[in-house]
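One structure is given here, and the rest of the page talks about it.
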Amino acid sequence: MIAIDQDALVSQGRRVSKSADGRQVWQKRLVGGDVAVALFNANDVAAPIALLFEEVGFASCDRVAVRDVLGRRDLGVHVGALSGAGAAMVPGHGVALFWLSIAW
C-alpha cells in the first residue's frame, strides 16, 4: 500500500460515486496511468459494489488488469467492469482495494 500512498504523482484520492445506502467508490491516479480504487461499504452486512472502469478513467473497451491489493492476488484481465456483474463483494464496514492498469 506504500506504493499507492507515496506514489510520485502525488495525486489526491477522490470519491467518484456514492449510493444512498453508503456504498462508495474512490479512485486515485498513479504514475504511468495506473489507478488505485477503493470500494467502501458503510453497511452492517457485506454488499456488492460495482466497479465500472469508465467511472475511474478507463474506456469501456479497455482491457484492464486488476490486482487485489489487500488480498495480494491478481484477478486477471477484465473489460468494462470487475467480474461478471461488475461488482465486488465488500464486507460490512469494510473496504476492498484494487490496482488497475491497462493490459497490453
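So you can find residues: chains in the C-alpha cells are A, B, ... in the order shown, residues in each start at 1, and ligands are numbered from 1 in order.
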
Practice item. Could you pull out the residues in chain A that DSSP calls strand (DSSP E) from the backbone, as a PyMOL selection string? Key: chain A and resi 14-18+23-29+35-41+47-50+63-68+73-79+87-90+94-102

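Distance check against Lys18 in chain A using only C-alpha atoms: of A:Ile49, A:Val69, A:Val31, A:Ala3, the minimum falls on A:Ile49.
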
Practice item. Go through A:Asn43, A:Gln27, A:Ser101, A:Gln12 and flag the residue nearest Glu55 in chain A, using only C-alpha atoms for the distances. Key: A:Gln27

Revision key, fill the gap. Across A:Lys28, A:Gly22, A:Leu70, A:Gly92, the smallest distance to Ile4 in chain A, with only C-alpha atoms counted, is shown by A:Lys28

Using only C-alpha atoms, which protein or nucleic acid residues come within 8 Å of Leu52 in chain A? Drop anything in the same chain fewer than 3 positions from it, and give the result as an mmCIF file with C-alpha atoms, in the first residue's frame.
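Result saved to result_20.cif:
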data_model
loop_
_atom_site.group_PDB
_atom_site.id
_atom_site.type_symbol
_atom_site.label_atom_id
_atom_site.label_comp_id
_atom_site.auth_asym_id
_atom_site.auth_seq_id
_atom_site.Cartn_x
_atom_site.Cartn_y
_atom_site.Cartn_z
ATOM 1 C CA GLU A 55 -16.127 5.552 -13.724
ATOM 2 C CA VAL A 56 -12.423 5.588 -12.775
ATOM 3 C CA GLY A 80 -15.779 -2.812 -18.841
ATOM 4 C CA ALA A 81 -16.088 -3.818 -15.192
ATOM 5 C CA LEU A 82 -14.757 -6.108 -12.482
ATOM 6 C CA GLY A 86 -19.272 -5.667 -12.498
#

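With only C-alpha atoms as the basis for measurement, A:Val25 is the residue among A:Ala50, A:Cys61, A:Leu75, A:Val25 that approaches Val37 in chain A most closely.
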
Review point. Would you give me, as a ChimeraX atom specification, the residues in chain A that DSSP reads as alpha helix (DSSP H)?
Key: /A:2-5

Could you write out that same residue set with N, CA and C atoms as an mmCIF file, in the first residue's frame?
data_model
loop_
_atom_site.group_PDB
_atom_site.id
_atom_site.type_symbol
_atom_site.label_atom_id
_atom_site.label_comp_id
_atom_site.auth_asym_id
_atom_site.auth_seq_id
_atom_site.Cartn_x
_atom_site.Cartn_y
_atom_site.Cartn_z
ATOM 1 N N ILE A 2 2.118 1.124 0.360
ATOM 2 C CA ILE A 2 3.006 2.280 0.330
ATOM 3 C C ILE A 2 3.141 2.802 -1.092
ATOM 4 N N ALA A 3 3.151 1.896 -2.082
ATOM 5 C CA ALA A 3 3.262 2.320 -3.481
ATOM 6 C C ALA A 3 2.080 3.205 -3.872
ATOM 7 N N ILE A 4 0.930 3.009 -3.275
ATOM 8 C CA ILE A 4 -0.227 3.853 -3.557
ATOM 9 C C ILE A 4 -0.143 5.137 -2.754
ATOM 10 N N ASP A 5 0.122 5.018 -1.483
ATOM 11 C CA ASP A 5 0.168 6.167 -0.587
ATOM 12 C C ASP A 5 1.278 7.151 -0.946
#
